[in-house]
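Trainee: This one is entry_9.tsv, TSV, C-alpha atoms.
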```tsv
chain	number	residue	atom	x	y	z
A	1	MET	CA	-21.94	-27.86	23.82
A	2	ASP	CA	-19.91	-28.83	26.87
A	3	GLN	CA	-16.81	-28.04	24.86
A	4	LYS	CA	-17.83	-24.44	24.32
A	5	PRO	CA	-18.28	-22.60	27.59
A	6	SER	CA	-18.98	-18.91	27.21
A	7	HIS	CA	-16.05	-16.61	27.75
A	8	ASN	CA	-17.64	-15.28	30.92
A	9	LEU	CA	-17.58	-18.72	32.43
A	10	SER	CA	-13.91	-19.11	31.68
A	11	ILE	CA	-13.30	-15.72	33.27
A	12	VAL	CA	-14.96	-16.96	36.45
A	13	ASP	CA	-12.73	-20.02	36.38
A	14	ASN	CA	-9.69	-17.81	36.00
A	15	VAL	CA	-10.82	-15.61	38.85
A	16	ASN	CA	-11.02	-18.60	41.13
A	17	SER	CA	-7.62	-19.90	40.18
A	18	PHE	CA	-6.18	-16.40	40.47
A	19	ASN	CA	-7.33	-16.08	44.07
A	20	VAL	CA	-5.61	-19.31	44.95
A	21	ILE	CA	-2.38	-18.46	43.16
A	22	ASN	CA	-2.34	-14.94	44.50
A	23	VAL	CA	-1.71	-16.16	48.03
A	24	ASN	CA	1.59	-17.75	47.13
A	25	THR	CA	3.10	-15.59	44.45
A	26	GLY	CA	4.72	-12.22	44.06
A	27	MET	CA	3.74	-9.09	42.16
A	28	SER	CA	5.04	-10.11	38.78
A	29	ASP	CA	2.93	-13.25	38.68
A	30	GLU	CA	0.00	-11.19	39.82
A	31	ASP	CA	0.47	-8.86	36.85
A	32	ASN	CA	0.55	-11.83	34.53
A	33	GLN	CA	-2.54	-13.29	36.12
A	34	ILE	CA	-4.42	-10.03	35.67
A	35	ARG	CA	-3.41	-9.85	32.02
A	36	GLU	CA	-4.31	-13.46	31.35
A	37	TRP	CA	-7.61	-12.93	33.11
A	38	LEU	CA	-8.35	-9.91	30.93
A	39	SER	CA	-7.78	-11.88	27.73
A	40	PRO	CA	-6.11	-15.07	26.57
A	41	LEU	CA	-5.09	-13.31	23.33
A	42	LYS	CA	-1.47	-12.22	22.95
A	43	PRO	CA	-1.44	-9.28	20.55
A	44	GLN	CA	2.10	-8.25	21.43
A	45	GLN	CA	3.49	-11.65	20.49
A	46	ARG	CA	1.54	-11.58	17.27
A	47	HIS	CA	2.93	-8.15	16.49
A	48	GLN	CA	6.49	-9.42	16.95
A	49	GLY	CA	5.71	-12.22	14.51
A	50	VAL	CA	4.34	-9.82	11.89
A	51	ARG	CA	7.36	-7.53	12.27
A	52	ALA	CA	9.72	-10.44	11.78
A	53	GLU	CA	8.02	-11.28	8.46
A	54	ARG	CA	7.99	-7.71	7.26
A	55	PHE	CA	10.19	-6.64	4.37
A	56	ASP	CA	12.12	-3.46	5.09
A	57	GLY	CA	10.91	-0.60	2.97
A	58	VAL	CA	7.61	-2.17	1.84
A	59	GLY	CA	4.72	0.14	2.70
A	60	ASP	CA	6.86	2.83	4.31
A	61	TRP	CA	5.14	5.44	2.14
A	62	PHE	CA	1.84	4.70	3.85
A	63	VAL	CA	2.59	6.29	7.21
A	64	GLU	CA	3.57	9.49	5.40
A	65	THR	CA	0.30	9.89	3.49
A	66	SER	CA	-1.79	12.97	4.24
A	67	GLU	CA	-4.71	10.78	5.40
A	68	VAL	CA	-2.62	9.02	8.04
A	69	ARG	CA	-1.10	12.28	9.22
A	70	ARG	CA	-4.52	13.93	9.44
A	71	TRP	CA	-5.84	11.01	11.43
A	72	SER	CA	-2.92	10.73	13.82
A	73	ASN	CA	-2.34	14.44	14.38
A	74	GLY	CA	-5.96	15.57	14.69
A	75	ASP	CA	-6.85	16.86	18.15
A	76	GLY	CA	-9.89	15.94	20.27
A	77	GLY	CA	-11.96	18.48	18.36
A	78	SER	CA	-11.33	16.79	15.03
A	79	PRO	CA	-14.30	14.65	13.98
A	80	GLU	CA	-12.14	12.26	11.98
A	81	ARG	CA	-11.19	9.76	14.64
A	82	VAL	CA	-11.34	6.58	12.59
A	83	LEU	CA	-9.07	5.58	9.72
A	84	PHE	CA	-10.22	2.65	7.60
A	85	CYS	CA	-7.74	1.05	5.23
A	86	SER	CA	-9.08	-1.39	2.71
A	87	GLY	CA	-7.82	-3.30	-0.26
A	88	GLY	CA	-8.96	-1.83	-3.57
A	89	PRO	CA	-10.88	-3.85	-6.17
A	90	GLY	CA	-8.95	-6.90	-7.23
A	91	VAL	CA	-6.28	-6.51	-4.59
A	92	GLY	CA	-7.45	-9.61	-2.75
A	93	GLN	CA	-6.87	-11.70	-5.84
A	94	THR	CA	-3.48	-10.33	-6.72
A	95	TYR	CA	-0.79	-12.78	-5.88
A	96	LEU	CA	2.67	-13.44	-7.14
A	97	TRP	CA	2.95	-16.96	-8.43
A	98	GLN	CA	5.85	-19.23	-8.92
A	99	GLU	CA	5.56	-22.34	-11.03
A	100	HIS	CA	6.68	-25.61	-9.57
A	101	PRO	CA	9.60	-26.89	-11.70
A	102	THR	CA	8.20	-30.38	-12.29
A	103	SER	CA	4.45	-30.32	-11.75
A	104	GLY	CA	3.99	-26.93	-13.36
A	105	LYS	CA	1.40	-26.07	-10.72
A	106	GLY	CA	1.38	-22.55	-9.43
A	107	LYS	CA	2.31	-21.90	-5.83
A	108	LYS	CA	1.60	-18.69	-4.06
A	109	ILE	CA	4.90	-17.13	-3.11
A	110	SER	CA	3.57	-13.94	-1.69
A	111	ASP	CA	0.46	-12.43	-0.35
A	112	VAL	CA	2.15	-9.07	-0.14
A	113	THR	CA	-0.86	-7.51	-1.85
A	114	ASP	CA	-3.45	-9.35	0.20
A	115	LYS	CA	-2.47	-8.59	3.75
A	116	TYR	CA	-2.86	-5.46	5.76
A	117	GLU	CA	-0.63	-6.75	8.54
A	118	ASN	CA	2.25	-4.82	7.08
A	119	ILE	CA	0.30	-1.59	7.13
A	120	SER	CA	-0.99	-2.15	10.65
A	121	SER	CA	2.39	-3.12	12.02
A	122	LEU	CA	4.04	-0.11	10.38
A	123	VAL	CA	1.50	2.29	11.87
A	124	ILE	CA	1.83	0.60	15.28
A	125	ASP	CA	5.62	0.89	15.23
A	126	ASN	CA	5.45	4.45	14.02
A	127	LEU	CA	3.10	5.41	16.86
A	128	CYS	CA	5.15	3.49	19.44
A	129	ASP	CA	8.23	5.44	18.34
A	130	GLN	CA	6.40	8.65	19.23
A	131	ALA	CA	4.86	7.32	22.45
A	132	GLY	CA	7.50	8.59	24.87
A	133	GLU	CA	7.82	12.01	23.36
A	134	LYS	CA	4.11	12.71	22.85
A	135	ASP	CA	2.64	10.97	25.91
A	136	LEU	CA	0.43	8.61	23.96
A	137	ALA	CA	-0.52	4.96	24.38
A	138	VAL	CA	-0.93	2.38	21.62
A	139	ALA	CA	-2.95	-0.84	21.76
A	140	TRP	CA	-3.67	-3.24	18.93
A	141	LEU	CA	-5.29	-6.45	17.88
A	142	TYR	CA	-4.73	-8.75	14.91
A	143	CYS	CA	-7.94	-10.55	13.98
A	144	ASP	CA	-7.51	-14.04	12.59
A	145	PHE	CA	-9.80	-16.40	10.67
A	146	LEU	CA	-8.09	-19.30	12.37
A	147	ALA	CA	-8.75	-18.09	15.89
A	148	HIS	CA	-12.51	-17.51	15.89
A	149	SER	CA	-13.10	-19.68	18.93
A	150	GLU	CA	-10.83	-17.59	21.13
A	151	GLN	CA	-11.50	-14.22	19.51
A	152	SER	CA	-14.80	-13.42	21.18
A	153	ALA	CA	-15.66	-9.76	21.55
A	154	THR	CA	-14.88	-9.99	25.27
A	155	ALA	CA	-11.45	-11.46	24.59
A	156	MET	CA	-10.75	-8.87	21.89
A	157	ILE	CA	-11.69	-5.92	24.08
A	158	GLY	CA	-9.79	-7.50	26.97
A	159	ALA	CA	-6.75	-7.80	24.73
A	160	ILE	CA	-6.81	-4.06	24.03
A	161	LEU	CA	-7.31	-3.35	27.71
A	162	LYS	CA	-4.43	-5.48	28.89
A	163	GLN	CA	-1.98	-3.54	26.77
A	164	LEU	CA	-3.09	-0.34	28.46
A	165	VAL	CA	-3.11	-1.58	32.06
A	166	SER	CA	0.64	-2.08	31.98
A	167	ILE	CA	0.86	1.68	32.09
A	168	ARG	CA	1.58	2.80	35.59
A	169	ARG	CA	-1.16	5.34	36.05
A	170	CYS	CA	-3.78	2.75	35.09
A	171	ARG	CA	-2.37	0.36	37.61
A	172	ARG	CA	-3.61	2.52	40.48
A	173	MET	CA	-7.19	1.97	39.36
A	174	TYR	CA	-6.61	-1.75	39.10
A	175	ASP	CA	-4.90	-1.95	42.42
A	176	ARG	CA	-7.98	-0.35	43.95
A	177	HIS	CA	-10.24	-2.81	42.17
A	178	PHE	CA	-8.22	-5.83	43.03
A	179	GLU	CA	-7.17	-5.11	46.61
A	180	ASN	CA	-10.09	-7.11	48.00
A	181	GLY	CA	-9.85	-9.85	45.41
A	182	PHE	CA	-11.65	-9.76	42.10
A	183	PRO	CA	-14.75	-7.65	42.59
A	184	THR	CA	-18.08	-8.34	40.98
A	185	GLU	CA	-18.33	-4.77	39.76
A	186	VAL	CA	-15.78	-5.50	37.04
A	187	TYR	CA	-18.62	-7.22	35.26
A	188	ASP	CA	-20.83	-4.19	35.72
A	189	TYR	CA	-18.55	-2.04	33.63
A	190	PRO	CA	-19.87	-1.76	30.11
A	191	ILE	CA	-17.10	-3.16	27.97
B	192	MET	CA	-13.66	-0.95	32.17
B	193	LEU	CA	-11.81	-0.20	28.94
B	194	LYS	CA	-13.59	3.14	28.70
B	195	ALA	CA	-12.58	3.96	32.28
B	196	THR	CA	-8.96	3.05	31.54
B	197	ILE	CA	-8.80	5.07	28.36
B	198	SER	CA	-10.33	8.10	30.06
B	199	LEU	CA	-7.27	8.11	32.37
B	200	LEU	CA	-4.85	8.38	29.46
B	201	PRO	CA	-4.16	11.56	27.53
B	202	ARG	CA	-4.26	9.98	24.09
B	203	VAL	CA	-4.84	6.40	23.01
B	204	TYR	CA	-4.44	4.85	19.55
B	205	ILE	CA	-6.21	1.56	18.92
B	206	CYS	CA	-5.28	-0.45	15.82
B	207	ILE	CA	-7.49	-3.34	14.66
B	208	ASP	CA	-5.93	-5.42	11.90
B	209	ALA	CA	-8.06	-7.46	9.48
B	210	LEU	CA	-11.44	-6.70	11.00
B	211	ASP	CA	-13.05	-8.81	8.26
B	212	GLU	CA	-11.39	-11.89	9.76
B	213	SER	CA	-13.45	-11.62	12.96
B	214	THR	CA	-16.91	-13.19	13.22
B	215	PRO	CA	-19.82	-10.85	12.36
B	216	LYS	CA	-21.09	-11.06	15.93
B	217	SER	CA	-17.75	-10.18	17.56
B	218	ARG	CA	-17.28	-7.46	15.00
B	219	GLN	CA	-20.56	-5.76	15.92
B	220	GLU	CA	-19.71	-5.84	19.62
B	221	LEU	CA	-16.18	-4.62	19.07
B	222	LEU	CA	-17.31	-1.76	16.83
B	223	GLY	CA	-20.00	-0.81	19.36
B	224	SER	CA	-17.40	-0.66	22.14
B	225	LEU	CA	-15.01	1.36	20.02
B	226	ARG	CA	-17.78	3.81	19.17
B	227	ASP	CA	-18.57	4.29	22.88
B	228	ILE	CA	-14.88	4.79	23.67
B	229	VAL	CA	-14.43	7.42	20.97
B	230	ARG	CA	-17.56	9.24	22.12
B	231	GLU	CA	-16.36	9.43	25.70
B	232	SER	CA	-12.69	10.08	24.93
B	233	PRO	CA	-12.69	12.14	21.75
B	234	SER	CA	-8.90	12.28	21.54
B	235	THR	CA	-8.81	8.48	20.95
B	236	ARG	CA	-7.88	7.41	17.43
B	237	VAL	CA	-8.89	4.11	15.85
B	238	LEU	CA	-7.22	2.46	12.86
B	239	ILE	CA	-9.09	-0.40	11.21
B	240	THR	CA	-7.80	-2.45	8.31
B	241	GLY	CA	-9.84	-4.99	6.42
B	242	ARG	CA	-11.37	-5.93	3.12
B	243	ALA	CA	-13.65	-3.42	1.48
B	244	HIS	CA	-16.85	-5.25	2.40
B	245	VAL	CA	-16.57	-4.32	6.09
B	246	GLU	CA	-16.31	-0.62	5.26
B	247	GLU	CA	-20.10	-0.19	5.32
B	248	GLU	CA	-20.25	-1.85	8.73
B	249	VAL	CA	-17.58	0.50	10.06
B	250	LYS	CA	-19.49	3.49	8.69
B	251	LYS	CA	-22.64	2.41	10.55
B	252	TYR	CA	-20.78	2.99	13.79
B	253	PHE	CA	-18.71	6.03	12.89
B	254	THR	CA	-19.98	8.93	10.87
B	255	GLU	CA	-16.65	10.51	10.00
B	256	VAL	CA	-14.28	7.89	8.65
B	257	ILE	CA	-11.14	8.60	6.66
B	258	THR	CA	-10.93	5.84	4.08
B	259	VAL	CA	-7.68	4.90	2.38
B	260	PRO	CA	-7.52	2.18	-0.26
B	261	VAL	CA	-4.28	0.30	0.17
B	262	SER	CA	-2.46	-1.47	-2.58
B	263	PRO	CA	1.26	-1.98	-2.91
B	264	THR	CA	3.08	0.51	-5.06
B	265	GLN	CA	5.40	-0.63	-7.84
B	266	GLY	CA	8.22	0.43	-5.53
B	267	ASP	CA	6.91	-1.88	-2.76
B	268	ILE	CA	6.76	-4.83	-5.13
B	269	ARG	CA	10.25	-4.10	-6.43
B	270	VAL	CA	11.68	-3.92	-2.89
B	271	TYR	CA	9.87	-7.13	-2.04
B	272	LEU	CA	11.12	-8.97	-5.14
B	273	ASP	CA	14.69	-7.84	-4.52
B	274	ALA	CA	14.49	-9.11	-0.95
B	275	ARG	CA	13.11	-12.46	-2.08
B	276	LEU	CA	15.66	-12.87	-4.86
B	277	ASP	CA	18.47	-12.11	-2.42
B	278	ARG	CA	17.29	-15.10	-0.42
B	279	ASP	CA	17.19	-17.38	-3.48
B	280	THR	CA	18.59	-20.76	-2.53
B	281	GLU	CA	19.79	-21.39	-6.09
B	282	PRO	CA	21.23	-18.06	-7.20
B	283	CYS	CA	23.31	-19.69	-9.98
B	284	ALA	CA	20.11	-20.59	-11.85
B	285	MET	CA	19.49	-16.92	-12.58
B	286	ASP	CA	21.61	-14.53	-14.58
B	287	HIS	CA	21.67	-10.78	-14.28
B	288	ASP	CA	19.33	-10.18	-17.25
B	289	LEU	CA	16.66	-12.52	-15.96
B	290	ARG	CA	16.73	-10.92	-12.55
B	291	ARG	CA	16.50	-7.47	-14.11
B	292	ASP	CA	13.48	-8.55	-16.18
B	293	ILE	CA	11.71	-10.05	-13.15
B	294	VAL	CA	12.15	-6.90	-11.09
B	295	ARG	CA	10.99	-4.73	-14.01
B	296	ILE	CA	8.09	-6.72	-15.48
B	297	ILE	CA	6.26	-8.11	-12.43
B	298	PRO	CA	5.59	-4.71	-10.77
B	299	GLU	CA	4.31	-3.37	-14.11
B	300	MET	CA	1.97	-6.33	-14.59
B	301	ILE	CA	0.61	-6.12	-11.07
B	302	SER	CA	-0.13	-2.42	-11.34
B	303	GLU	CA	-2.12	-3.17	-14.51
B	304	VAL	CA	-4.24	-5.68	-12.58
```
Could the structure of this file be written out as structure tokens, please?
Mentor:
Amino acid sequence: MDQKPSHNLSIVDNVNSFNVINVNTGMSDEDNQIREWLSPLKPQQRHQGVRAERFDGVGDWFVETSEVRRWSNGDGGSPERVLFCSGGPGVGQTYLWQEHPTSGKGKKISDVTDKYENISSLVIDNLCDQAGEKDLAVAWLYCDFLAHSEQSATAMIGAILKQLVSIRRCRRMYDRHFENGFPTEVYDYPI
Amino acid sequence: MLKATISLLPRVYICIDALDESTPKSRQELLGSLRDIVRESPSTRVLITGRAHVEEEVKKYFTEVITVPVSPTQGDIRVYLDARLDRDTEPCAMDHDLRRDIVRIIPEMISEV
């Protein structure tokens, strides 16, 4: 059990190391420390990876569907605030296979039908394109079977938060919170 | 803290990819937080992708959910196959007819599945 400290404990550790580092470093390092403290997850890097693997043109139709438009354009009065995209029956099992030339064994060459990453990354990019014009902010998270140990709820929520704190107007709130070091009331916020 | 931050912003979109890949415990906490955020900041929009079995969980937290089943269109598969074939490391092993058949037949077969 020694190997598995709760996330809160690791936050405390980070707070302590932050206070030490803060004395000697400039603003930019401080920003990085705050972000790292909020969450060890790096959703922006993951997004870049997904984009790099994306095939141009695949799934473009999705962002133009009436459901996506209704969801993204609805105002605060609209009750439909959540869009859930799921694979239909059988989609999870649909792969393209290529036979190995000598062994004859099948090898999966594509999970194009099994992943939603494409869809998510397309929507994210589409929203980011509109961000400047429409004064909106976008935050995201890619969940991963292989990262259960670091994807605690605290880390996941922190990962969303750290994408939003880079926005200047949020910084004011953080500057207030952090001016006397890391305050205990951060923990009192329901997250 | 996240709720306080979001309340400062005019409009926030949160996208959660592959919710089914998170642990059930994290998922419950995350969905609970998202529900609280949306209640307090009604202009917030949440996109969740995942396998169909987490749909019921999502609907426990949000009453009005727009659900879209996603599967690649024949056009998507064709674009994908073209892109893969363009990267073929042994292009000489394939003639024009074979390539044409691959790009025609595979999307049809997958849509039948």
Trainee: Tell me which residues come within 10 Å of (-8.8, -4.0, 24.7), as a list in words, counting all atoms listed in the file in the file's coordinates.
Mentor: Leu38, Ser39, Pro43, Ala139, Trp140, Leu141, Ala153, Thr154, Ala155, Met156, Ile157, Gly158, Ala159, Ile160, Leu161, Lys162, Gln163, Leu164, Val165 and Ile191 of chain A; Met192, Leu193, Lys194, Thr196, Ile197, Ile205, Leu221, Ser224 and Leu225 of chain B
Trainee: Take CA of Val256 (chain B) and CA of Val82 (chain A) and report the distance between them in Å, one decimal.
Mentor: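 CA of Val82 (chain A) lies 5.1 Å from CA of Val256 (chain B).
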Trainee: Within 9 Å of Ile257 (chain B), counting all atoms listed in the file, which residues qualify if same-chain residues fewer than 3 places away don't, as a list in words?
Mentor: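 What passes the distance filter is Glu67, Val68, Arg70, Trp71, Glu80, Arg81, Val82, Leu83, Phe84 and Cys85 of chain A.
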Trainee: I need the chain B residues near chain A as a ChimeraX atom specification; criterion: at most 7 Å, counting all atoms listed in the file.
Mentor: /B:192-193,196,199,201-210,212-214,217,220-221,224,233-243,255-263,267,270-271
Trainee: So how many Å separate CA of Asn32 (chain A) and CA of Asp129 (chain A), to one decimal?
Mentor: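 One can read the CA of Asn32 (chain A) to CA of Asp129 (chain A) distance as 24.9 Å.
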Trainee: Grab the CA of Lys42 (chain A) to CA of Asp211 (chain B) distance for me, in Å with one decimal place.
Mentor: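 Between CA of Lys42 (chain A) and CA of Asp211 (chain B) the gap works out to 19.0 Å.
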